[in-house]
file protein_39.tsv (TSV, C-alpha atoms)
chain	number	residue	atom	x	y	z
U	255	MET	CA	-9.99	14.81	17.03
U	256	LYS	CA	-7.72	13.77	19.85
U	257	THR	CA	-4.16	15.05	20.08
U	258	ARG	CA	-2.74	11.56	19.53
U	259	SER	CA	-4.84	11.09	16.39
U	260	ARG	CA	-3.70	14.42	15.00
U	261	TRP	CA	-0.09	13.56	15.73
U	262	LEU	CA	-0.37	10.15	14.05
U	263	THR	CA	-2.19	11.65	11.06
U	264	GLY	CA	0.50	14.30	10.70
U	265	LEU	CA	3.24	11.68	10.94
U	266	TRP	CA	1.49	9.53	8.34
U	267	VAL	CA	1.14	12.47	5.95
U	268	LEU	CA	4.81	13.38	6.43
U	269	ILE	CA	5.96	9.83	5.70
U	270	VAL	CA	3.78	9.53	2.60
U	271	VAL	CA	4.91	12.92	1.25
U	272	VAL	CA	8.60	12.11	1.80
U	273	ALA	CA	8.20	8.71	0.15
U	274	ALA	CA	6.33	10.24	-2.80
U	275	LEU	CA	8.99	12.91	-3.27
U	276	ALA	CA	11.76	10.31	-3.14
U	277	PHE	CA	9.94	8.19	-5.72
U	278	ILE	CA	9.39	11.18	-8.03
U	279	PHE	CA	13.05	12.18	-7.64
U	280	LYS	CA	14.23	8.66	-8.56
U	281	MET	CA	11.91	8.49	-11.58
U	282	THR	CA	13.17	11.90	-12.72
U	283	GLU	CA	16.77	10.71	-12.42
U	284	PHE	CA	15.98	7.63	-14.51
U	285	ALA	CA	14.20	9.75	-17.11
U	286	MET	CA	17.14	12.16	-17.31
U	287	THR	CA	19.51	9.21	-17.77
U	288	TRP	CA	17.24	7.91	-20.51
U	289	VAL	CA	17.35	11.11	-22.58
U	290	ASP	CA	20.93	12.22	-21.82
U	291	PRO	CA	23.01	11.75	-25.01
U	292	ALA	CA	26.20	11.27	-22.96
U	293	THR	CA	24.81	8.07	-21.46
U	294	ASP	CA	23.73	6.19	-24.59
U	295	ARG	CA	24.74	2.85	-23.13
U	296	PHE	CA	22.66	3.37	-20.00
U	297	GLY	CA	19.46	4.53	-21.70
U	298	GLY	CA	18.14	0.99	-21.89
U	299	PHE	CA	18.83	0.55	-18.20
U	300	ALA	CA	16.72	3.60	-17.41
U	301	ALA	CA	13.87	2.38	-19.61
U	302	ILE	CA	13.88	-1.03	-17.96
U	303	ALA	CA	14.05	0.46	-14.46
U	304	VAL	CA	11.19	2.89	-15.07
U	305	GLY	CA	9.12	0.16	-16.71
U	306	MET	CA	9.65	-2.24	-13.83
U	307	TYR	CA	8.78	0.41	-11.25
U	308	LEU	CA	5.56	1.18	-13.09
U	309	VAL	CA	4.69	-2.48	-13.66
U	310	GLY	CA	5.17	-3.10	-9.95
U	311	MET	CA	3.50	0.09	-8.75
U	312	PHE	CA	0.29	0.22	-10.78
U	313	PRO	CA	-1.22	-3.10	-9.61
U	314	ILE	CA	-0.57	-2.15	-5.98
U	315	LEU	CA	-2.08	1.29	-6.54
U	316	PHE	CA	-5.16	-0.13	-8.27
U	317	LEU	CA	-5.62	-2.78	-5.57
U	318	MET	CA	-5.41	-0.10	-2.89
U	319	LEU	CA	-7.92	2.13	-4.70
U	320	TRP	CA	-10.27	-0.84	-5.22
U	321	ALA	CA	-10.14	-1.64	-1.50
U	322	VAL	CA	-10.76	1.99	-0.53
U	323	PHE	CA	-13.75	2.37	-2.86
U	324	ARG	CA	-15.22	-0.98	-1.79
U	325	GLY	CA	-15.13	0.20	1.83
U	326	HIS	CA	-12.61	-2.28	3.18
U	327	PHE	CA	-11.03	0.39	5.39
U	328	ARG	CA	-14.20	1.74	6.98
U	329	ASP	CA	-14.08	-0.60	9.99
U	330	ILE	CA	-10.65	-2.18	10.20
U	331	GLU	CA	-11.32	-3.58	13.68
U	332	ARG	CA	-14.29	-5.70	12.56
U	333	PRO	CA	-12.28	-8.70	11.24
U	334	LYS	CA	-10.44	-8.92	14.56
U	335	TYR	CA	-13.66	-9.15	16.56
U	336	ARG	CA	-15.18	-11.60	14.06
U	337	MET	CA	-12.12	-13.84	14.39
U	338	LEU	CA	-12.42	-13.76	18.19
U	339	GLU	CA	-16.13	-14.64	17.95
U	340	LEU	CA	-15.35	-17.57	15.69
U	341	GLN	CA	-12.65	-18.76	18.09
U	342	GLU	CA	-15.15	-18.66	20.96
U	343	GLU	CA	-17.59	-20.75	18.90
U	344	ILE	CA	-14.85	-23.27	18.11
U	345	ASP	CA	-13.87	-23.46	21.78
U	346	GLN	CA	-17.49	-23.84	22.86
U	347	TYR	CA	-18.68	-26.41	20.31
U	348	GLY	CA	-15.48	-28.12	19.22
U	349	ASN	CA	-16.19	-30.42	16.25
U	350	ARG	CA	-19.98	-30.29	16.71
U	351	ILE	CA	-22.18	-28.12	14.52
U	352	PRO	CA	-23.32	-25.03	16.47
U	353	PRO	CA	-27.07	-24.38	16.68
U	354	ASN	CA	-28.35	-21.54	14.53

call {"tool": "encode", "arguments": {"input": "protein_39.tsv", "output": "structure tokens"}}
result
Amino acid sequence: MKTRSRWLTGLWVLIVVVAALAFIFKMTEFAMTWVDPATDRFGGFAAIAVGMYLVGMFPILFLMLWAVFRGHFRDIERPKYRMLELQEEIDQYGNRIPPN
């Protein structure tokens, strides 16, 4: 693995870990607000906030996992080259049907 790839991978892991820890910290704060007897009025707020985070997070997580398991991230450069090939065909043939 090249040095640049290792550096980018390390940076990516660091960012994901920090974001995950921040998310877990925020969810823990909401949960503690929810069960704290001194904040009876704000318990509903915590329940709604946690519920909305989960409702928003789970579809994104499942969509990401679906894409990973379907292999959509194996060759992320392929769509770019396919688009350029299609543009060349459009430039070459215009409105005519290209020969197969």

call {"tool": "closest_residue", "arguments": {"input": "protein_39.tsv", "among": "U:Leu319, U:Leu262, U:Ile302, U:Val267", "to": "U:Met281", "atoms": "all atoms listed in the file"}}
result
U:Ile302

call {"tool": "axis_aligned_box", "arguments": {"input": "protein_39.tsv", "around": "stretch 270-286 of chain U", "padding_each_side": "3 Å", "output": "JSON"}}
result
{"center_x": 10.5, "center_y": 10.3, "center_z": -7.4, "size_x": 19.4, "size_y": 11.3, "size_z": 25.9}

call {"tool": "residues_around", "arguments": {"input": "protein_39.tsv", "residues": "U:Phe299", "least_positions_apart": "6", "cutoff": "9 Å", "atoms": "all atoms listed in the file", "output": "PyMOL selection string"}}
result
chain U and resi 284+287-288

call {"tool": "atom_distance", "arguments": {"input": "protein_39.tsv", "atom1": "atom CA of U:Trp261", "atom2": "atom CA of U:Met318"}}
result
23.7 Å

call {"tool": "atom_distance", "arguments": {"input": "protein_39.tsv", "atom1": "atom CA of U:Glu343", "atom2": "atom CA of U:Ala321"}}
result
28.9 Å

call {"tool": "closest_residue", "arguments": {"input": "protein_39.tsv", "among": "U:Arg332, U:Lys280, U:Lys256, U:Arg350", "to": "U:Val304", "atoms": "all atoms listed in the file"}}
result
U:Lys280

call {"tool": "atom_distance", "arguments": {"input": "protein_39.tsv", "atom1": "atom CA of U:Ile278", "atom2": "atom CA of U:Leu315"}}
result
15.2 Å

call {"tool": "closest_residue", "arguments": {"input": "protein_39.tsv", "among": "U:Thr263, U:Tyr347, U:Pro353, U:Phe277", "to": "U:Tyr307", "atoms": "all atoms listed in the file"}}
result
U:Phe277
